[in-house]
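Student: Data file upload_5.cif (mmCIF, C-alpha atoms and all ligand atoms) is appended below.
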data_protein
#
loop_
_atom_site.group_PDB
_atom_site.id
_atom_site.type_symbol
_atom_site.label_atom_id
_atom_site.label_comp_id
_atom_site.auth_asym_id
_atom_site.auth_seq_id
_atom_site.Cartn_x
_atom_site.Cartn_y
_atom_site.Cartn_z
ATOM 1 C CA THR A 1 -110.587 -1.700 186.031
ATOM 2 C CA PRO A 2 -111.523 -5.189 184.833
ATOM 3 C CA ILE A 3 -115.032 -5.710 183.470
ATOM 4 C CA ALA A 4 -116.793 -8.840 182.215
ATOM 5 C CA VAL A 5 -119.377 -8.551 179.436
ATOM 6 C CA LEU A 6 -122.291 -10.976 179.011
ATOM 7 C CA ILE A 7 -124.029 -11.217 175.628
ATOM 8 C CA SER A 8 -126.577 -13.264 173.695
ATOM 9 C CA GLY A 9 -126.703 -11.470 170.359
ATOM 10 C CA THR A 10 -124.755 -9.575 167.741
ATOM 11 C CA GLY A 11 -122.663 -7.760 170.318
ATOM 12 C CA SER A 12 -122.843 -4.225 168.979
ATOM 13 C CA ASN A 13 -122.770 -2.918 172.544
ATOM 14 C CA LEU A 14 -119.784 -5.162 173.249
ATOM 15 C CA ALA A 15 -118.055 -3.764 170.153
ATOM 16 C CA ALA A 16 -118.617 -0.225 171.449
ATOM 17 C CA LEU A 17 -117.089 -1.163 174.809
ATOM 18 C CA LEU A 18 -114.113 -2.814 173.111
ATOM 19 C CA GLY A 19 -113.614 0.271 170.940
ATOM 20 C CA ALA A 20 -113.633 2.571 173.965
ATOM 21 C CA ALA A 21 -111.272 0.261 175.868
ATOM 22 C CA GLN A 22 -108.624 0.760 173.187
ATOM 23 C CA GLU A 23 -108.237 4.422 174.081
ATOM 24 C CA PRO A 24 -105.263 4.864 176.422
ATOM 25 C CA SER A 25 -107.252 6.982 178.883
ATOM 26 C CA CYS A 26 -110.074 4.441 179.203
ATOM 27 C CA PRO A 27 -110.581 3.418 182.845
ATOM 28 C CA PHE A 28 -111.814 -0.118 182.069
ATOM 29 C CA ALA A 29 -110.545 -3.227 180.333
ATOM 30 C CA VAL A 30 -112.745 -6.060 179.035
ATOM 31 C CA VAL A 31 -111.169 -9.166 180.596
ATOM 32 C CA GLY A 32 -113.658 -11.716 179.266
ATOM 33 C CA VAL A 33 -116.915 -12.201 177.402
ATOM 34 C CA ILE A 34 -119.478 -14.831 178.358
ATOM 35 C CA ALA A 35 -122.492 -15.854 176.294
ATOM 36 C CA ASP A 36 -125.422 -18.163 176.962
ATOM 37 C CA ARG A 37 -125.353 -19.401 173.342
ATOM 38 C CA GLU A 38 -123.133 -19.316 170.246
ATOM 39 C CA ALA A 39 -123.739 -15.582 169.887
ATOM 40 C CA SER A 40 -122.308 -13.969 166.760
ATOM 41 C CA GLY A 41 -121.097 -11.140 168.987
ATOM 42 C CA LEU A 42 -118.402 -13.452 170.368
ATOM 43 C CA ASP A 43 -116.493 -12.724 167.157
ATOM 44 C CA HIS A 44 -115.805 -9.204 168.419
ATOM 45 C CA ALA A 45 -114.061 -10.716 171.440
ATOM 46 C CA HIS A 46 -112.138 -13.225 169.315
ATOM 47 C CA ALA A 47 -110.944 -10.404 167.047
ATOM 48 C CA ALA A 48 -109.730 -8.480 170.087
ATOM 49 C CA GLY A 49 -108.000 -11.537 171.560
ATOM 50 C CA ILE A 50 -110.253 -11.556 174.620
ATOM 51 C CA PRO A 51 -111.162 -14.861 176.288
ATOM 52 C CA THR A 52 -114.709 -16.102 175.789
ATOM 53 C CA GLU A 53 -116.850 -18.785 177.322
ATOM 54 C CA VAL A 54 -120.284 -20.117 176.402
ATOM 55 C CA VAL A 55 -122.421 -21.300 179.322
ATOM 56 C CA ARG A 56 -125.543 -22.916 177.854
ATOM 57 C CA LEU A 57 -128.656 -23.531 179.910
ATOM 58 C CA GLY A 58 -129.176 -26.767 177.949
ATOM 59 C CA ASP A 59 -125.832 -28.169 179.121
ATOM 60 C CA HIS A 60 -126.975 -28.062 182.732
ATOM 61 C CA PRO A 61 -129.509 -30.219 184.563
ATOM 62 C CA ASP A 62 -131.567 -27.247 185.733
ATOM 63 C CA ARG A 63 -131.652 -23.505 186.018
ATOM 64 C CA PRO A 64 -129.957 -23.286 189.433
ATOM 65 C CA ALA A 65 -127.061 -25.392 188.100
ATOM 66 C CA TRP A 66 -126.740 -23.053 185.124
ATOM 67 C CA ASP A 67 -126.839 -20.051 187.461
ATOM 68 C CA ARG A 68 -123.982 -21.533 189.457
ATOM 69 C CA ALA A 69 -121.958 -22.320 186.323
ATOM 70 C CA LEU A 70 -122.493 -18.800 184.996
ATOM 71 C CA THR A 71 -121.452 -17.316 188.328
ATOM 72 C CA ALA A 72 -118.339 -19.501 188.398
ATOM 73 C CA ALA A 73 -117.403 -18.423 184.863
ATOM 74 C CA VAL A 74 -117.828 -14.748 185.721
ATOM 75 C CA SER A 75 -115.959 -15.156 189.028
ATOM 76 C CA ARG A 76 -112.957 -16.720 187.260
ATOM 77 C CA LEU A 77 -112.560 -13.430 185.406
ATOM 78 C CA ASP A 78 -112.564 -11.562 188.739
ATOM 79 C CA PRO A 79 -114.221 -8.425 187.322
ATOM 80 C CA GLU A 80 -115.021 -5.263 189.272
ATOM 81 C CA LEU A 81 -118.102 -4.727 187.126
ATOM 82 C CA VAL A 82 -120.354 -7.104 185.155
ATOM 83 C CA VAL A 83 -122.013 -5.610 182.073
ATOM 84 C CA LEU A 84 -125.060 -7.300 180.544
ATOM 85 C CA ALA A 85 -124.962 -6.116 176.933
ATOM 86 C CA GLY A 86 -127.888 -7.768 175.205
ATOM 87 C CA PHE A 87 -127.830 -10.771 177.555
ATOM 88 C CA MET A 88 -131.267 -12.290 177.122
ATOM 89 C CA LYS A 89 -131.525 -14.263 180.355
ATOM 90 C CA LEU A 90 -132.422 -13.188 183.848
ATOM 91 C CA VAL A 91 -129.513 -13.587 186.187
ATOM 92 C CA GLY A 92 -130.224 -15.658 189.271
ATOM 93 C CA PRO A 93 -129.452 -15.385 192.972
ATOM 94 C CA PRO A 94 -125.861 -16.755 192.770
ATOM 95 C CA LEU A 95 -124.640 -14.006 190.423
ATOM 96 C CA LEU A 96 -126.500 -11.340 192.421
ATOM 97 C CA ALA A 97 -124.970 -12.648 195.637
ATOM 98 C CA ALA A 98 -121.461 -12.558 194.185
ATOM 99 C CA PHE A 99 -121.705 -9.267 192.284
ATOM 100 C CA GLY A 100 -124.722 -7.451 193.770
ATOM 101 C CA GLY A 101 -124.629 -3.727 193.054
ATOM 102 C CA ARG A 102 -121.886 -4.283 190.478
ATOM 103 C CA ILE A 103 -124.016 -5.575 187.579
ATOM 104 C CA VAL A 104 -125.435 -3.210 184.968
ATOM 105 C CA ASN A 105 -127.809 -3.929 182.106
ATOM 106 C CA THR A 106 -128.857 -2.026 179.028
ATOM 107 C CA HIS A 107 -132.468 -2.101 177.902
ATOM 108 C CA PRO A 108 -133.939 -0.751 174.645
ATOM 109 C CA ALA A 109 -136.788 1.319 176.140
ATOM 110 C CA LEU A 110 -137.314 4.146 178.606
ATOM 111 C CA LEU A 111 -137.904 2.179 181.801
ATOM 112 C CA PRO A 112 -140.093 1.748 183.726
ATOM 113 C CA ALA A 113 -142.018 1.638 180.438
ATOM 114 C CA PHE A 114 -141.756 -1.542 178.371
ATOM 115 C CA PRO A 115 -139.606 -3.878 180.465
ATOM 116 C CA GLY A 116 -138.912 -7.442 179.378
ATOM 117 C CA ALA A 117 -137.646 -9.152 176.266
ATOM 118 C CA HIS A 118 -139.576 -7.064 173.691
ATOM 119 C CA GLY A 119 -139.078 -3.467 174.744
ATOM 120 C CA VAL A 120 -138.880 -2.164 171.182
ATOM 121 C CA ARG A 121 -141.871 -4.124 169.854
ATOM 122 C CA ASP A 122 -143.991 -3.220 172.887
ATOM 123 C CA ALA A 123 -143.217 0.504 172.596
ATOM 124 C CA LEU A 124 -144.096 0.456 168.895
ATOM 125 C CA ALA A 125 -147.324 -1.461 169.554
ATOM 126 C CA HIS A 126 -148.311 1.044 172.244
ATOM 127 C CA GLY A 127 -147.870 3.916 169.806
ATOM 128 C CA VAL A 128 -145.496 6.010 171.891
ATOM 129 C CA LYS A 129 -143.795 8.851 170.015
ATOM 130 C CA ILE A 130 -140.622 8.795 172.078
ATOM 131 C CA THR A 131 -138.773 5.746 173.370
ATOM 132 C CA GLY A 132 -135.079 5.167 173.975
ATOM 133 C CA ALA A 133 -132.596 3.171 175.995
ATOM 134 C CA SER A 134 -131.936 2.769 179.704
ATOM 135 C CA VAL A 135 -128.870 1.575 181.558
ATOM 136 C CA ILE A 136 -129.828 0.170 184.935
ATOM 137 C CA GLU A 137 -128.347 -1.513 187.956
ATOM 138 C CA VAL A 138 -129.453 -5.157 187.963
ATOM 139 C CA ASP A 139 -131.564 -6.430 190.841
ATOM 140 C CA ALA A 140 -133.708 -9.542 191.242
ATOM 141 C CA GLY A 141 -136.599 -8.153 189.166
ATOM 142 C CA VAL A 142 -137.140 -7.868 185.421
ATOM 143 C CA ASP A 143 -135.654 -4.496 184.442
ATOM 144 C CA THR A 144 -136.604 -3.016 187.811
ATOM 145 C CA GLY A 145 -133.204 -1.865 189.077
ATOM 146 C CA ARG A 146 -132.076 1.689 189.715
ATOM 147 C CA ILE A 147 -131.868 3.749 186.528
ATOM 148 C CA LEU A 148 -128.326 4.989 185.915
ATOM 149 C CA ALA A 149 -128.800 6.782 182.579
ATOM 150 C CA GLN A 150 -131.301 7.161 179.754
ATOM 151 C CA VAL A 151 -131.406 8.506 176.225
ATOM 152 C CA ALA A 152 -134.512 9.385 174.208
ATOM 153 C CA VAL A 153 -135.132 8.325 170.614
ATOM 154 C CA ASP A 154 -138.010 9.593 168.449
ATOM 155 C CA VAL A 155 -140.378 7.025 166.975
ATOM 156 C CA LEU A 156 -141.062 7.664 163.284
ATOM 157 C CA ASP A 157 -144.372 6.865 161.578
ATOM 158 C CA SER A 158 -142.453 4.676 159.144
ATOM 159 C CA ASP A 159 -140.659 2.654 161.854
ATOM 160 C CA THR A 160 -140.645 -1.111 162.016
ATOM 161 C CA GLU A 161 -139.278 -2.951 165.039
ATOM 162 C CA ASP A 162 -135.980 -3.349 163.169
ATOM 163 C CA THR A 163 -135.509 0.256 162.062
ATOM 164 C CA LEU A 164 -136.457 1.566 165.486
ATOM 165 C CA HIS A 165 -134.171 -0.902 167.255
ATOM 166 C CA GLU A 166 -131.259 0.100 165.009
ATOM 167 C CA ARG A 167 -131.681 3.790 165.957
ATOM 168 C CA ILE A 168 -132.048 2.846 169.626
ATOM 169 C CA LYS A 169 -128.862 0.785 169.456
ATOM 170 C CA ALA A 170 -126.989 3.729 167.920
ATOM 171 C CA ALA A 171 -127.981 5.838 170.941
ATOM 172 C CA GLU A 172 -127.643 2.999 173.439
ATOM 173 C CA GLN A 173 -124.006 2.174 172.701
ATOM 174 C CA PRO A 174 -122.456 5.517 173.698
ATOM 175 C CA LEU A 175 -124.795 5.682 176.707
ATOM 176 C CA LEU A 176 -123.581 2.300 177.949
ATOM 177 C CA VAL A 177 -119.942 3.206 177.329
ATOM 178 C CA ASP A 178 -120.415 6.455 179.300
ATOM 179 C CA VAL A 179 -121.949 4.682 182.288
ATOM 180 C CA VAL A 180 -119.268 1.985 182.337
ATOM 181 C CA ARG A 181 -116.590 4.677 182.115
ATOM 182 C CA ARG A 182 -118.153 6.593 184.987
ATOM 183 C CA LEU A 183 -118.538 3.530 187.214
ATOM 184 C CA THR A 184 -115.053 2.191 186.594
ATOM 185 C CA ALA A 185 -113.332 5.576 186.944
ATOM 186 C CA ALA A 186 -114.985 6.054 190.318
ATOM 187 C CA GLY A 187 -114.207 2.543 191.547
HETATM 188 C C1 LIG B 1 -129.717 -4.141 172.679
HETATM 189 O O1 LIG B 1 -130.619 -3.184 172.171
HETATM 190 C C2 LIG B 1 -130.101 -4.539 174.079
HETATM 191 O O2 LIG B 1 -130.542 -3.506 174.874
HETATM 192 C C3 LIG B 1 -131.223 -5.481 173.746
HETATM 193 O O3 LIG B 1 -130.760 -6.236 172.661
HETATM 194 C C4 LIG B 1 -129.844 -5.465 171.942
HETATM 195 C C5 LIG B 1 -128.548 -6.197 171.874
HETATM 196 O O4 LIG B 1 -127.780 -5.761 170.829
HETATM 197 N N1 LIG B 1 -131.685 -6.214 174.866
HETATM 198 P P1 LIG B 1 -126.263 -6.219 170.637
HETATM 199 O O5 LIG B 1 -126.157 -7.715 170.816
HETATM 200 O O6 LIG B 1 -125.421 -5.466 171.640
HETATM 201 O O7 LIG B 1 -125.937 -5.829 169.228
#
Translate this structure into structure tokens?

Tutor:
Amino acid sequence: TPIAVLISGTGSNLAALLGAAQEPSCPFAVVGVIADREASGLDHAHAAGIPTEVVRLGDHPDRPAWDRALTAAVSRLDPELVVLAGFMKLVGPPLLAAFGGRIVNTHPALLPAFPGAHGVRDALAHGVKITGASVIEVDAGVDTGRILAQVAVDVLDSDTEDTLHERIKAAEQPLLVDVVRRLTAAG
């Protein structure tokens, strides 16, 4: 089952998906990776020989034009499932119209707590003792879609945003791989 992966960052979740896809029994194949910037995570795709494309907001006259360009880039890959793996932009109506119900996102907090761009920092600032990661179905809201899976991670007294995020990412990667496996095996 073909999947497209959208990233903005280091691509550790992408790397986990690519690793899983190498197993012969894996139900999905990563057919392309799209970023909204020169994300270092694109190197994982290059190393695996997977096509990449960068669709920058700044190269387009306005947000709707960027949304259309992003949707066109994803559509060219013709994926069954679109995986946002550390993609730090909200997807707009064109992508939702084309792939509604077939877009998943991973978020580094236990939603509905701490949505938005700083889920780790916000959880730490609030003083929660347990946080985690959530994989959700993407809808028009900010991290409001149906929750597909979650994993809990303890917050340590010594944690900084970085140390906590690293432990969340270690738990988040297998969670995301599991959900993508489940969704692509069923479809
Ligand atoms: C992940 O924790 C994701 O949930 C968050 O940013 C991180 C991206 O990490 N929004 P990576 O680019 O997959 O390494």

Student: Going by the chain IDs and residue numbers used in this file, which residues fall under the PyMOL selection byres (((not hetatm)) within 9 of (chain B and resi 1))? Write them as a ChimeraX atom specification.

Tutor: /A:7-16,39-41,84-88,105-109,116-120,133-135,165-166,168-170,172-173

Student: Would you compute the box with edges along x, y and z of the file around stretch 7-22 of chain A, including every atom the file lists for it and 4 Å extra on each side, and give its centre and edge lengths in Å to one decimal, as lines of an AutoDock Vina configuration file?

Tutor:
center_x = -117.7
center_y = -5.3
center_z = 171.8
size_x = 26.1
size_y = 23.8
size_z = 16.1

Student: Please provide the set of residues having any atom within 10 Å of A:Pro2, restricted to only C-alpha atoms, with same-chain residues fewer than 4 positions apart removed, written as a list in words.

Tutor: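 Those residues are Pro27, Phe28, Ala29, Val30, Val31, Gly32, Leu77, Asp78, Pro79, Glu80, Leu81, Val82 and Thr184 of chain A.
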
Student: Atoms to include: C-alpha atoms. Write the selected residues as a tab-separated table (two decimals), in the coordinates of the input.

Tutor:
chain	number	residue	atom	x	y	z
A	27	PRO	CA	-110.58	3.42	182.84
A	28	PHE	CA	-111.81	-0.12	182.07
A	29	ALA	CA	-110.54	-3.23	180.33
A	30	VAL	CA	-112.74	-6.06	179.04
A	31	VAL	CA	-111.17	-9.17	180.60
A	32	GLY	CA	-113.66	-11.72	179.27
A	77	LEU	CA	-112.56	-13.43	185.41
A	78	ASP	CA	-112.56	-11.56	188.74
A	79	PRO	CA	-114.22	-8.43	187.32
A	80	GLU	CA	-115.02	-5.26	189.27
A	81	LEU	CA	-118.10	-4.73	187.13
A	82	VAL	CA	-120.35	-7.10	185.16
A	184	THR	CA	-115.05	2.19	186.59

Student: In Å, how far is it from atom CA of A:Ile130 to atom CA of A:Thr160?

Tutor: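 Distance reported for this atom pair: 14.1 Å.
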
Student: Using only C-alpha atoms, which residue out of A:Pro93, A:Gly145, A:Pro112, A:Gly127 lies closest to A:Trp66?

Tutor: A:Pro93

Student: Please, which residues are within 12 Å of (-124.2, -4.2, 194.1) by the file's coordinates, counting all atoms listed in the file, and could they come as a ChimeraX atom specification?

Tutor: /A:80-82,95-104,136-140,145-146,183

Student: Those residues with C-alpha atoms, as a CSV table (one decimal), in the frame of the given file please?

Tutor:
chain,number,residue,atom,x,y,z
A,80,GLU,CA,-115.0,-5.3,189.3
A,81,LEU,CA,-118.1,-4.7,187.1
A,82,VAL,CA,-120.4,-7.1,185.2
A,95,LEU,CA,-124.6,-14.0,190.4
A,96,LEU,CA,-126.5,-11.3,192.4
A,97,ALA,CA,-125.0,-12.6,195.6
A,98,ALA,CA,-121.5,-12.6,194.2
A,99,PHE,CA,-121.7,-9.3,192.3
A,100,GLY,CA,-124.7,-7.5,193.8
A,101,GLY,CA,-124.6,-3.7,193.1
A,102,ARG,CA,-121.9,-4.3,190.5
A,103,ILE,CA,-124.0,-5.6,187.6
A,104,VAL,CA,-125.4,-3.2,185.0
A,136,ILE,CA,-129.8,0.2,184.9
A,137,GLU,CA,-128.3,-1.5,188.0
A,138,VAL,CA,-129.5,-5.2,188.0
A,139,ASP,CA,-131.6,-6.4,190.8
A,140,ALA,CA,-133.7,-9.5,191.2
A,145,GLY,CA,-133.2,-1.9,189.1
A,146,ARG,CA,-132.1,1.7,189.7
A,183,LEU,CA,-118.5,3.5,187.2

Student: What gap, in Å, lies between atom CA of A:Gly132 and atom CA of A:Ser25?

Tutor: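 Here the two named atoms are 28.3 Å from each other.
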
Student: Take atom CA of A:Ala48 and atom CA of A:Leu176 and report the distance between them in Å, one decimal.

Tutor: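 So the answer is 19.2 Å.
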